[in-house]
file target_35.cif (mmCIF, C-alpha atoms and all ligand atoms; chains and numbers go by the auth columns)
data_protein
loop_
_atom_site.group_PDB
_atom_site.id
_atom_site.type_symbol
_atom_site.label_atom_id
_atom_site.label_comp_id
_atom_site.label_asym_id
_atom_site.label_seq_id
_atom_site.Cartn_x
_atom_site.Cartn_y
_atom_site.Cartn_z
_atom_site.B_iso_or_equiv
_atom_site.auth_seq_id
_atom_site.auth_asym_id
ATOM 1 C CA MET A 1 -25.154 -8.087 0.165 0.00 82 A
ATOM 2 C CA ALA A 2 -28.216 -10.277 -0.139 0.00 83 A
ATOM 3 C CA ARG A 3 -29.707 -7.686 -2.475 0.00 84 A
ATOM 4 C CA ILE A 4 -26.523 -7.468 -4.560 0.00 85 A
ATOM 5 C CA GLU A 5 -26.435 -11.262 -4.840 0.00 86 A
ATOM 6 C CA GLU A 6 -30.041 -11.249 -5.972 0.00 87 A
ATOM 7 C CA ILE A 7 -29.310 -8.737 -8.738 0.00 88 A
ATOM 8 C CA ALA A 8 -26.200 -10.673 -9.811 0.00 89 A
ATOM 9 C CA ASP A 9 -28.138 -13.946 -9.978 0.00 90 A
ATOM 10 C CA ASN A 10 -30.882 -12.298 -11.940 0.00 91 A
ATOM 11 C CA TYR A 11 -28.536 -10.948 -14.622 0.00 92 A
ATOM 12 C CA ASN A 12 -25.903 -13.692 -14.407 0.00 93 A
ATOM 13 C CA LEU A 13 -23.216 -11.318 -13.183 0.00 94 A
ATOM 14 C CA LYS A 14 -20.107 -11.899 -11.106 0.00 95 A
ATOM 15 C CA VAL A 15 -19.650 -9.995 -7.872 0.00 96 A
ATOM 16 C CA ILE A 16 -16.222 -8.771 -6.798 0.00 97 A
ATOM 17 C CA TYR A 17 -16.223 -6.969 -3.470 0.00 98 A
ATOM 18 C CA ASP A 18 -13.941 -4.135 -2.504 0.00 99 A
ATOM 19 C CA ALA A 19 -13.395 -5.559 0.970 0.00 100 A
ATOM 20 C CA ALA A 20 -10.336 -3.375 1.592 0.00 101 A
ATOM 21 C CA HIS A 21 -11.189 -2.817 5.250 0.00 102 A
ATOM 22 C CA ALA A 22 -12.866 -6.107 6.022 0.00 103 A
ATOM 23 C CA PHE A 23 -10.034 -8.132 7.562 0.00 104 A
ATOM 24 C CA GLY A 24 -11.446 -10.034 10.520 0.00 105 A
ATOM 25 C CA VAL A 25 -14.962 -8.656 10.038 0.00 106 A
ATOM 26 C CA LYS A 26 -17.804 -11.088 10.608 0.00 107 A
ATOM 27 C CA ASP A 27 -21.479 -11.190 9.862 0.00 108 A
ATOM 28 C CA ASN A 28 -24.228 -13.631 10.695 0.00 109 A
ATOM 29 C CA ASP A 29 -22.904 -16.087 8.077 0.00 110 A
ATOM 30 C CA GLY A 30 -19.325 -16.066 9.375 0.00 111 A
ATOM 31 C CA GLY A 31 -16.525 -14.173 7.672 0.00 112 A
ATOM 32 C CA LEU A 32 -17.620 -11.178 5.619 0.00 113 A
ATOM 33 C CA LEU A 33 -15.019 -12.143 3.019 0.00 114 A
ATOM 34 C CA ASN A 34 -16.983 -15.256 2.089 0.00 115 A
ATOM 35 C CA HIS A 35 -19.453 -13.270 0.011 0.00 116 A
ATOM 36 C CA GLY A 36 -19.447 -12.722 -3.719 0.00 117 A
ATOM 37 C CA ASP A 37 -17.303 -14.486 -6.302 0.00 118 A
ATOM 38 C CA LEU A 38 -14.182 -12.732 -5.051 0.00 119 A
ATOM 39 C CA SER A 39 -13.375 -10.427 -2.166 0.00 120 A
ATOM 40 C CA VAL A 40 -10.343 -8.185 -2.306 0.00 121 A
ATOM 41 C CA LEU A 41 -8.500 -7.080 0.844 0.00 122 A
ATOM 42 C CA SER A 42 -6.079 -4.203 1.065 0.00 123 A
ATOM 43 C CA CYS A 43 -2.982 -4.674 3.221 0.00 124 A
ATOM 44 C CA HIS A 44 -1.908 -1.075 2.786 0.00 125 A
ATOM 45 C CA ALA A 45 -0.242 0.541 5.791 0.00 126 A
ATOM 46 C CA THR A 46 -3.472 2.303 6.815 0.00 127 A
ATOM 47 C CA LYS A 47 -5.418 -0.942 7.175 0.00 128 A
ATOM 48 C CA MET A 48 -6.011 -3.027 10.295 0.00 129 A
ATOM 49 C CA PHE A 49 -3.839 -5.870 9.010 0.00 130 A
ATOM 50 C CA ASN A 50 -1.053 -4.521 6.853 0.00 131 A
ATOM 51 C CA THR A 51 2.009 -5.590 4.932 0.00 132 A
ATOM 52 C CA PHE A 52 2.978 -1.924 4.237 0.00 133 A
ATOM 53 C CA GLU A 53 1.726 -2.400 0.676 0.00 134 A
ATOM 54 C CA GLY A 54 -0.124 -5.309 -0.791 0.00 135 A
ATOM 55 C CA GLY A 55 -3.395 -7.107 -0.622 0.00 136 A
ATOM 56 C CA ALA A 56 -5.120 -10.445 -0.872 0.00 137 A
ATOM 57 C CA ILE A 57 -7.840 -11.971 -2.975 0.00 138 A
ATOM 58 C CA ILE A 58 -10.235 -14.311 -1.213 0.00 139 A
ATOM 59 C CA CYS A 59 -11.645 -16.846 -3.655 0.00 140 A
ATOM 60 C CA PRO A 60 -14.058 -19.752 -3.232 0.00 141 A
ATOM 61 C CA ASP A 61 -12.163 -22.665 -4.761 0.00 142 A
ATOM 62 C CA GLU A 62 -8.780 -23.976 -5.821 0.00 143 A
ATOM 63 C CA LYS A 63 -9.428 -23.607 -9.524 0.00 144 A
ATOM 64 C CA THR A 64 -10.021 -19.883 -9.154 0.00 145 A
ATOM 65 C CA LYS A 65 -6.928 -19.583 -6.982 0.00 146 A
ATOM 66 C CA HIS A 66 -4.762 -21.193 -9.675 0.00 147 A
ATOM 67 C CA ARG A 67 -6.235 -18.840 -12.251 0.00 148 A
ATOM 68 C CA ILE A 68 -5.348 -15.852 -10.063 0.00 149 A
ATOM 69 C CA ASP A 69 -1.875 -17.269 -9.373 0.00 150 A
ATOM 70 C CA HIS A 70 -1.273 -17.371 -13.112 0.00 151 A
ATOM 71 C CA LEU A 71 -2.714 -13.932 -13.820 0.00 152 A
ATOM 72 C CA LYS A 72 -0.646 -12.229 -11.118 0.00 153 A
ATOM 73 C CA ASN A 73 2.584 -13.772 -12.451 0.00 154 A
ATOM 74 C CA PHE A 74 2.551 -12.828 -16.166 0.00 155 A
ATOM 75 C CA GLY A 75 0.396 -15.867 -16.944 0.00 156 A
ATOM 76 C CA PHE A 76 3.333 -18.203 -16.307 0.00 157 A
ATOM 77 C CA VAL A 77 2.600 -21.802 -15.343 0.00 158 A
ATOM 78 C CA ASP A 78 6.228 -22.848 -15.653 0.00 159 A
ATOM 79 C CA GLU A 79 9.316 -21.696 -17.518 0.00 160 A
ATOM 80 C CA VAL A 80 7.897 -22.417 -20.948 0.00 161 A
ATOM 81 C CA THR A 81 4.118 -22.419 -20.466 0.00 162 A
ATOM 82 C CA VAL A 82 2.169 -19.174 -20.519 0.00 163 A
ATOM 83 C CA VAL A 83 -1.606 -19.554 -20.329 0.00 164 A
ATOM 84 C CA ALA A 84 -2.938 -16.035 -19.939 0.00 165 A
ATOM 85 C CA ALA A 85 -2.151 -12.374 -20.532 0.00 166 A
ATOM 86 C CA GLY A 86 -1.206 -11.722 -16.932 0.00 167 A
ATOM 87 C CA ILE A 87 0.330 -8.846 -15.030 0.00 168 A
ATOM 88 C CA ASN A 88 3.074 -8.473 -12.458 0.00 169 A
ATOM 89 C CA GLY A 89 0.735 -8.498 -9.463 0.00 170 A
ATOM 90 C CA LYS A 90 2.834 -10.477 -7.031 0.00 171 A
ATOM 91 C CA MET A 91 3.321 -9.514 -3.431 0.00 172 A
ATOM 92 C CA SER A 92 7.010 -9.024 -2.710 0.00 173 A
ATOM 93 C CA GLU A 93 8.789 -11.345 -0.265 0.00 174 A
ATOM 94 C CA ILE A 94 9.560 -8.494 2.080 0.00 175 A
ATOM 95 C CA ASN A 95 5.918 -7.390 2.248 0.00 176 A
ATOM 96 C CA ALA A 96 4.819 -10.964 2.848 0.00 177 A
ATOM 97 C CA ALA A 97 7.378 -11.262 5.653 0.00 178 A
ATOM 98 C CA PHE A 98 5.981 -8.136 7.334 0.00 179 A
ATOM 99 C CA GLY A 99 2.520 -9.632 7.043 0.00 180 A
ATOM 100 C CA LEU A 100 3.561 -12.899 8.673 0.00 181 A
ATOM 101 C CA LEU A 101 5.039 -10.968 11.584 0.00 182 A
ATOM 102 C CA GLN A 102 1.871 -8.911 11.933 0.00 183 A
ATOM 103 C CA LEU A 103 -0.284 -12.015 11.928 0.00 184 A
ATOM 104 C CA LYS A 104 1.474 -13.264 15.064 0.00 185 A
ATOM 105 C CA GLY A 105 0.248 -10.260 17.033 0.00 186 A
ATOM 106 C CA ILE A 106 -3.095 -9.724 15.354 0.00 187 A
ATOM 107 C CA ASP A 107 -5.312 -11.026 18.175 0.00 188 A
ATOM 108 C CA ASP A 108 -3.507 -8.853 20.675 0.00 189 A
ATOM 109 C CA ALA A 109 -3.770 -5.861 18.333 0.00 190 A
ATOM 110 C CA LEU A 110 -7.514 -6.459 17.912 0.00 191 A
ATOM 111 C CA ALA A 111 -8.016 -6.666 21.683 0.00 192 A
ATOM 112 C CA LYS A 112 -6.119 -3.385 22.197 0.00 193 A
ATOM 113 C CA ARG A 113 -8.108 -1.692 19.440 0.00 194 A
ATOM 114 C CA LYS A 114 -11.352 -2.769 21.074 0.00 195 A
ATOM 115 C CA ILE A 115 -10.293 -1.176 24.378 0.00 196 A
ATOM 116 C CA ILE A 116 -9.327 2.075 22.605 0.00 197 A
ATOM 117 C CA ASP A 117 -12.663 2.103 20.778 0.00 198 A
ATOM 118 C CA ALA A 118 -14.465 1.744 24.121 0.00 199 A
ATOM 119 C CA ARG A 119 -12.437 4.574 25.706 0.00 200 A
ATOM 120 C CA TYR A 120 -13.233 6.938 22.821 0.00 201 A
ATOM 121 C CA ARG A 121 -16.930 6.038 23.085 0.00 202 A
ATOM 122 C CA GLU A 122 -17.019 6.592 26.815 0.00 203 A
ATOM 123 C CA GLY A 123 -15.113 9.887 26.556 0.00 204 A
ATOM 124 C CA LEU A 124 -17.235 11.222 23.707 0.00 205 A
ATOM 125 C CA LYS A 125 -20.672 10.058 24.830 0.00 206 A
ATOM 126 C CA ASN A 126 -21.674 13.403 26.370 0.00 207 A
ATOM 127 C CA VAL A 127 -19.971 15.631 23.811 0.00 208 A
ATOM 128 C CA THR A 128 -22.613 17.514 21.866 0.00 209 A
ATOM 129 C CA GLY A 129 -22.480 18.167 18.117 0.00 210 A
ATOM 130 C CA ILE A 130 -20.835 14.872 17.252 0.00 211 A
ATOM 131 C CA ARG A 131 -21.986 11.288 16.909 0.00 212 A
ATOM 132 C CA CYS A 132 -19.927 8.093 16.984 0.00 213 A
ATOM 133 C CA ALA A 133 -20.568 5.514 14.270 0.00 214 A
ATOM 134 C CA ASN A 134 -22.172 2.431 15.716 0.00 215 A
ATOM 135 C CA VAL A 135 -20.978 -0.912 14.469 0.00 216 A
ATOM 136 C CA GLY A 136 -22.237 -4.033 16.196 0.00 217 A
ATOM 137 C CA GLU A 137 -19.604 -5.299 18.614 0.00 218 A
ATOM 138 C CA HIS A 138 -19.612 -8.815 17.160 0.00 219 A
ATOM 139 C CA VAL A 139 -18.792 -7.622 13.645 0.00 220 A
ATOM 140 C CA ALA A 140 -16.267 -4.841 14.170 0.00 221 A
ATOM 141 C CA ASN A 141 -12.521 -5.025 13.564 0.00 222 A
ATOM 142 C CA TYR A 142 -11.934 -1.597 15.163 0.00 223 A
ATOM 143 C CA ALA A 143 -9.934 -0.488 12.162 0.00 224 A
ATOM 144 C CA TYR A 144 -11.069 3.111 12.360 0.00 225 A
ATOM 145 C CA PHE A 145 -12.975 5.344 14.730 0.00 226 A
ATOM 146 C CA PRO A 146 -15.287 7.491 12.580 0.00 227 A
ATOM 147 C CA ILE A 147 -17.285 10.297 14.148 0.00 228 A
ATOM 148 C CA PHE A 148 -19.935 12.402 12.450 0.00 229 A
ATOM 149 C CA VAL A 149 -19.660 16.153 12.820 0.00 230 A
ATOM 150 C CA ASN A 150 -22.001 18.825 11.415 0.00 231 A
ATOM 151 C CA ALA A 151 -20.771 19.718 7.952 0.00 232 A
ATOM 152 C CA GLN A 152 -20.279 23.374 9.050 0.00 233 A
ATOM 153 C CA ASN A 153 -17.930 22.293 11.853 0.00 234 A
ATOM 154 C CA ARG A 154 -16.238 19.254 10.386 0.00 235 A
ATOM 155 C CA ASP A 155 -13.296 21.004 8.749 0.00 236 A
ATOM 156 C CA LEU A 156 -12.880 23.367 11.696 0.00 237 A
ATOM 157 C CA LEU A 157 -12.487 20.383 13.995 0.00 238 A
ATOM 158 C CA TYR A 158 -10.179 18.682 11.520 0.00 239 A
ATOM 159 C CA GLU A 159 -7.924 21.778 11.437 0.00 240 A
ATOM 160 C CA LYS A 160 -8.004 22.175 15.198 0.00 241 A
ATOM 161 C CA LEU A 161 -6.887 18.590 15.689 0.00 242 A
ATOM 162 C CA LYS A 162 -4.153 19.077 13.109 0.00 243 A
ATOM 163 C CA ALA A 163 -2.913 22.251 14.811 0.00 244 A
ATOM 164 C CA ASN A 164 -2.472 20.114 17.932 0.00 245 A
ATOM 165 C CA GLY A 165 -0.534 17.378 16.162 0.00 246 A
ATOM 166 C CA ILE A 166 -3.519 15.044 15.821 0.00 247 A
ATOM 167 C CA PHE A 167 -3.782 13.823 12.249 0.00 248 A
ATOM 168 C CA ALA A 168 -7.364 12.682 11.783 0.00 249 A
ATOM 169 C CA ARG A 169 -8.640 11.798 8.328 0.00 250 A
ATOM 170 C CA ARG A 170 -11.753 12.728 6.387 0.00 251 A
ATOM 171 C CA TYR A 171 -13.015 9.494 4.844 0.00 252 A
ATOM 172 C CA PHE A 172 -13.983 9.163 2.014 0.00 253 A
ATOM 173 C CA TYR A 173 -13.385 12.735 1.028 0.00 254 A
ATOM 174 C CA PRO A 174 -13.476 14.170 -1.494 0.00 255 A
ATOM 175 C CA LEU A 175 -16.069 11.874 -2.968 0.00 256 A
ATOM 176 C CA ILE A 176 -14.677 10.006 -5.991 0.00 257 A
ATOM 177 C CA SER A 177 -17.553 11.308 -8.106 0.00 258 A
ATOM 178 C CA ASP A 178 -16.257 14.847 -7.414 0.00 259 A
ATOM 179 C CA PHE A 179 -12.845 14.169 -8.961 0.00 260 A
ATOM 180 C CA THR A 180 -12.372 16.315 -12.081 0.00 261 A
ATOM 181 C CA MET A 181 -12.136 13.299 -14.401 0.00 262 A
ATOM 182 C CA TYR A 182 -15.462 11.855 -13.231 0.00 263 A
ATOM 183 C CA ARG A 183 -17.443 14.962 -12.314 0.00 264 A
ATOM 184 C CA SER A 184 -19.114 15.347 -15.697 0.00 265 A
ATOM 185 C CA LEU A 185 -20.348 11.743 -15.951 0.00 266 A
ATOM 186 C CA PRO A 186 -24.115 11.348 -15.682 0.00 267 A
ATOM 187 C CA SER A 187 -23.634 8.758 -12.920 0.00 268 A
ATOM 188 C CA ALA A 188 -21.685 11.327 -10.877 0.00 269 A
ATOM 189 C CA ALA A 189 -24.640 13.730 -10.719 0.00 270 A
ATOM 190 C CA GLN A 190 -25.099 15.080 -7.209 0.00 271 A
ATOM 191 C CA SER A 191 -28.689 13.946 -7.143 0.00 272 A
ATOM 192 C CA ASN A 192 -27.542 10.330 -7.558 0.00 273 A
ATOM 193 C CA LEU A 193 -25.458 10.314 -4.407 0.00 274 A
ATOM 194 C CA PRO A 194 -27.223 12.296 -1.687 0.00 275 A
ATOM 195 C CA VAL A 195 -26.217 10.006 1.187 0.00 276 A
ATOM 196 C CA ALA A 196 -22.576 9.530 0.199 0.00 277 A
ATOM 197 C CA ARG A 197 -22.261 13.247 -0.447 0.00 278 A
ATOM 198 C CA LYS A 198 -23.718 14.200 2.949 0.00 279 A
ATOM 199 C CA ILE A 199 -21.566 11.733 4.858 0.00 280 A
ATOM 200 C CA SER A 200 -18.374 12.684 3.028 0.00 281 A
ATOM 201 C CA HIS A 201 -18.753 16.163 4.541 0.00 282 A
ATOM 202 C CA GLU A 202 -19.413 14.891 8.049 0.00 283 A
ATOM 203 C CA VAL A 203 -16.916 12.138 8.814 0.00 284 A
ATOM 204 C CA ILE A 204 -13.652 12.410 10.678 0.00 285 A
ATOM 205 C CA CYS A 205 -11.720 9.264 11.538 0.00 286 A
ATOM 206 C CA LEU A 206 -9.820 9.629 14.791 0.00 287 A
ATOM 207 C CA PRO A 207 -6.405 8.024 15.266 0.00 288 A
ATOM 208 C CA LEU A 208 -6.669 4.376 16.284 0.00 289 A
ATOM 209 C CA TYR A 209 -3.701 2.048 16.576 0.00 290 A
ATOM 210 C CA PRO A 210 -2.842 -0.597 19.161 0.00 291 A
ATOM 211 C CA ASN A 211 -0.283 1.431 21.112 0.00 292 A
ATOM 212 C CA LEU A 212 -2.301 4.631 21.336 0.00 293 A
ATOM 213 C CA GLU A 213 -1.967 5.677 25.002 0.00 294 A
ATOM 214 C CA ASN A 214 -4.891 6.482 27.295 0.00 295 A
ATOM 215 C CA GLU A 215 -3.556 10.015 27.870 0.00 296 A
ATOM 216 C CA GLU A 216 -3.446 10.572 24.130 0.00 297 A
ATOM 217 C CA ILE A 217 -7.025 9.376 23.723 0.00 298 A
ATOM 218 C CA ASP A 218 -8.145 11.639 26.555 0.00 299 A
ATOM 219 C CA PHE A 219 -6.301 14.577 24.996 0.00 300 A
ATOM 220 C CA ILE A 220 -8.038 14.002 21.658 0.00 301 A
ATOM 221 C CA VAL A 221 -11.397 13.730 23.422 0.00 302 A
ATOM 222 C CA SER A 222 -10.755 16.984 25.301 0.00 303 A
ATOM 223 C CA LEU A 223 -9.874 18.801 22.079 0.00 304 A
ATOM 224 C CA ILE A 224 -13.104 17.644 20.458 0.00 305 A
ATOM 225 C CA ALA A 225 -15.141 18.600 23.535 0.00 306 A
HETATM 226 C C1 LIG B . -7.410 1.216 1.032 0.00 401 B
HETATM 227 C C2 LIG B . -8.559 1.054 0.129 0.00 401 B
HETATM 228 C C3 LIG B . -8.364 0.663 -1.199 0.00 401 B
HETATM 229 C C4 LIG B . -7.006 0.547 -1.848 0.00 401 B
HETATM 230 O O1 LIG B . -6.198 -0.394 -1.335 0.00 401 B
HETATM 231 P P1 LIG B . -4.708 -0.499 -1.906 0.00 401 B
HETATM 232 O O2 LIG B . -4.098 -1.594 -1.087 0.00 401 B
HETATM 233 O O3 LIG B . -4.061 0.829 -1.700 0.00 401 B
HETATM 234 O O4 LIG B . -4.858 -0.858 -3.349 0.00 401 B
HETATM 235 C C5 LIG B . -9.483 0.427 -1.981 0.00 401 B
HETATM 236 N N1 LIG B . -10.729 0.583 -1.491 0.00 401 B
HETATM 237 C C6 LIG B . -10.952 0.971 -0.220 0.00 401 B
HETATM 238 C C7 LIG B . -12.354 1.114 0.280 0.00 401 B
HETATM 239 C C8 LIG B . -9.886 1.234 0.627 0.00 401 B
HETATM 240 O O5 LIG B . -10.102 1.652 1.869 0.00 401 B
#

call {"tool": "encode", "arguments": {"input": "target_35.cif", "output": "C-alpha cells"}}
result
Amino acid sequence: MARIEEIADNYNLKVIYDAAHAFGVKDNDGGLLNHGDLSVLSCHATKMFNTFEGGAIICPDEKTKHRIDHLKNFGFVDEVTVVAAGINGKMSEINAAFGLLQLKGIDDALAKRKIIDARYREGLKNVTGIRCANVGEHVANYAYFPIFVNAQNRDLLYEKLKANGIFARRYFYPLISDFTMYRSLPSAAQSNLPVARKISHEVICLPLYPNLENEEIDFIVSLIA
C-alpha cells in the first residue's frame, strides 16, 4: 500500500481500495480500512461480516461522507434539492437490520473462527502436497481458510470434497482476465499475470464459519489427507 500511495501521490491520483474482505483486518498503522481515499467493504453473505447483501464505504472525512450520501440516494439533499447525478445505491432497512444483529455477535464469531483456523492448521500440518496460507495472527480476520494444492491435484481435491458434501471454493478462479470479454485485452496477456495465474490454479478455500463443528473439521482434514 505504501508503494501504491507513492504512485498516487506522484501522479496526483485518488486511490479507492477493493477492501471487500478486510472487515476487522489490522496492520501496523491500525485498521486496514484507513488507507487510500476510500475503502469499500462487501457485506455479501460470503464475507466475514455480512448483511446478506450490501456493503460499506469507509471515507476519511464528513464532507466526503455527505457527498457519498447524496450520490447513493439519487443526488437528493431534500425533497426539492438535487445536487448530483446519483444512483439508487442505498442499503435496504432489512439488510441494515441483519447487519446490526451480526455486529452484536461479531467478537464471539471472530474468536470461534480463530479456533477453527487453528484446528485446521494443526490437522493439516503434516499433510503432504498442500500448504496453508500464512497470515500474521495479529492481522487476520479468519474470513477464509485458503490452502495451496499442486495445480495437477487441485481440481481433483475440489471434486473429492464436493462428492463428500464439502463445498470448498476456488478463489479467485477463473481469473478475471480469462473471462471471454477481457481475454483479448493487451493487459490480460498471460505474461502480465504469472503470479495471479499460478495461484488461481492452486487455491482451495475450506469451509469456515463460526458454528463449524470439530468433527466436521476433522472429517475435512481426513478427506484432504
Ligand atoms: C465479494 C467481493 C466483491 C463483491 O462484493 P459485492 O458485495 O458482491 O459487491 C468484490 N471484490 C472482492 C475481492 C470480493 O471478494

call {"tool": "residues_near_ligand", "arguments": {"input": "target_35.cif", "ligand": "ligand LIG 401 (chain B)", "cutoff": "10 Å", "atoms": "all atoms listed in the file", "output": "list in words"}}
result
Tyr98, Asp99, Ala100, Ala101, His102, Ala103, Val121, Leu122, Ser123, Cys124, His125, Ala126, Thr127, Lys128, Asn131, Thr132, Phe133, Glu134, Gly135, Gly136, Ala137, Tyr252 and Phe253 of chain A

call {"tool": "closest_residue", "arguments": {"input": "target_35.cif", "among": "A:Ile85, A:Leu304, A:Leu119, A:Val164", "to": "Ile97 of chain A", "atoms": "all atoms listed in the file"}}
result
A:Leu119

call {"tool": "closest_residue", "arguments": {"input": "target_35.cif", "among": "A:Met129, A:Asp198, A:Thr162, A:Ser265", "to": "Gln183 of chain A", "atoms": "all atoms listed in the file"}}
result
A:Met129

call {"tool": "atom_distance", "arguments": {"input": "target_35.cif", "atom1": "atom CA of Lys153 of chain A", "atom2": "atom CA of Gly105 of chain A"}}
result
24.3 Å

call {"tool": "closest_residue", "arguments": {"input": "target_35.cif", "among": "A:Phe155, A:Phe179, A:Tyr92, A:Tyr201", "to": "Phe130 of chain A", "atoms": "only C-alpha atoms"}}
result
A:Phe179

call {"tool": "residues_near_point", "arguments": {"input": "target_35.cif", "point": "(-20.1, 17.0, -7.6)", "cutoff": "6 Å", "atoms": "only C-alpha atoms", "output": "compact mmCIF listing (two decimals) with C-alpha atoms, in the coordinates of the input"}}
result
# COMPACT_ATOMS: atom_id res chain seq x y z
CA ASP A 259 -16.26 14.85 -7.41
CA ARG A 264 -17.44 14.96 -12.31
CA GLN A 271 -25.10 15.08 -7.21

call {"tool": "atom_distance", "arguments": {"input": "target_35.cif", "atom1": "atom CA of Ala214 of chain A", "atom2": "atom CA of Ile138 of chain A"}}
result
27.7 Å

call {"tool": "build_atoms", "arguments": {"input": "target_35.cif", "residues": "segment 129-140 of chain A", "atoms": "N, CA, C and O atoms", "output": "mmCIF file, keeping the file's coordinate frame"}}
result
data_model
loop_
_atom_site.group_PDB
_atom_site.id
_atom_site.type_symbol
_atom_site.label_atom_id
_atom_site.label_comp_id
_atom_site.auth_asym_id
_atom_site.auth_seq_id
_atom_site.Cartn_x
_atom_site.Cartn_y
_atom_site.Cartn_z
ATOM 1 N N MET A 129 -6.120 -2.335 9.014
ATOM 2 C CA MET A 129 -6.011 -3.027 10.295
ATOM 3 C C MET A 129 -4.906 -4.078 10.244
ATOM 4 O O MET A 129 -4.064 -4.160 11.122
ATOM 5 N N PHE A 130 -4.925 -4.920 9.242
ATOM 6 C CA PHE A 130 -3.839 -5.870 9.010
ATOM 7 C C PHE A 130 -3.064 -5.366 7.804
ATOM 8 O O PHE A 130 -3.648 -5.214 6.732
ATOM 9 N N ASN A 131 -1.769 -5.095 7.992
ATOM 10 C CA ASN A 131 -1.053 -4.521 6.853
ATOM 11 C C ASN A 131 0.283 -5.196 6.598
ATOM 12 O O ASN A 131 0.879 -5.804 7.483
ATOM 13 N N THR A 132 0.693 -5.092 5.348
ATOM 14 C CA THR A 132 2.009 -5.590 4.932
ATOM 15 C C THR A 132 2.818 -4.423 4.352
ATOM 16 O O THR A 132 3.685 -4.623 3.524
ATOM 17 N N PHE A 133 2.483 -3.200 4.778
ATOM 18 C CA PHE A 133 2.978 -1.924 4.237
ATOM 19 C C PHE A 133 2.268 -1.627 2.919
ATOM 20 O O PHE A 133 1.573 -0.643 2.799
ATOM 21 N N GLU A 134 2.491 -2.466 1.926
ATOM 22 C CA GLU A 134 1.726 -2.400 0.676
ATOM 23 C C GLU A 134 1.351 -3.826 0.323
ATOM 24 O O GLU A 134 2.061 -4.756 0.671
ATOM 25 N N GLY A 135 0.260 -3.970 -0.356
ATOM 26 C CA GLY A 135 -0.124 -5.309 -0.791
ATOM 27 C C GLY A 135 -1.593 -5.563 -0.549
ATOM 28 O O GLY A 135 -2.340 -4.666 -0.156
ATOM 29 N N GLY A 136 -1.998 -6.767 -0.801
ATOM 30 C CA GLY A 136 -3.395 -7.107 -0.622
ATOM 31 C C GLY A 136 -3.584 -8.601 -0.743
ATOM 32 O O GLY A 136 -2.615 -9.360 -0.821
ATOM 33 N N ALA A 137 -4.821 -9.018 -0.744
ATOM 34 C CA ALA A 137 -5.120 -10.445 -0.872
ATOM 35 C C ALA A 137 -6.464 -10.599 -1.566
ATOM 36 O O ALA A 137 -7.343 -9.750 -1.426
ATOM 37 N N ILE A 138 -6.566 -11.654 -2.334
ATOM 38 C CA ILE A 138 -7.840 -11.971 -2.975
ATOM 39 C C ILE A 138 -8.388 -13.233 -2.320
ATOM 40 O O ILE A 138 -7.687 -14.245 -2.250
ATOM 41 N N ILE A 139 -9.604 -13.152 -1.820
ATOM 42 C CA ILE A 139 -10.235 -14.311 -1.213
ATOM 43 C C ILE A 139 -11.131 -14.946 -2.275
ATOM 44 O O ILE A 139 -12.019 -14.281 -2.814
ATOM 45 N N CYS A 140 -10.862 -16.212 -2.591
ATOM 46 C CA CYS A 140 -11.645 -16.846 -3.655
ATOM 47 C C CYS A 140 -12.232 -18.164 -3.148
ATOM 48 O O CYS A 140 -11.748 -18.736 -2.180
#
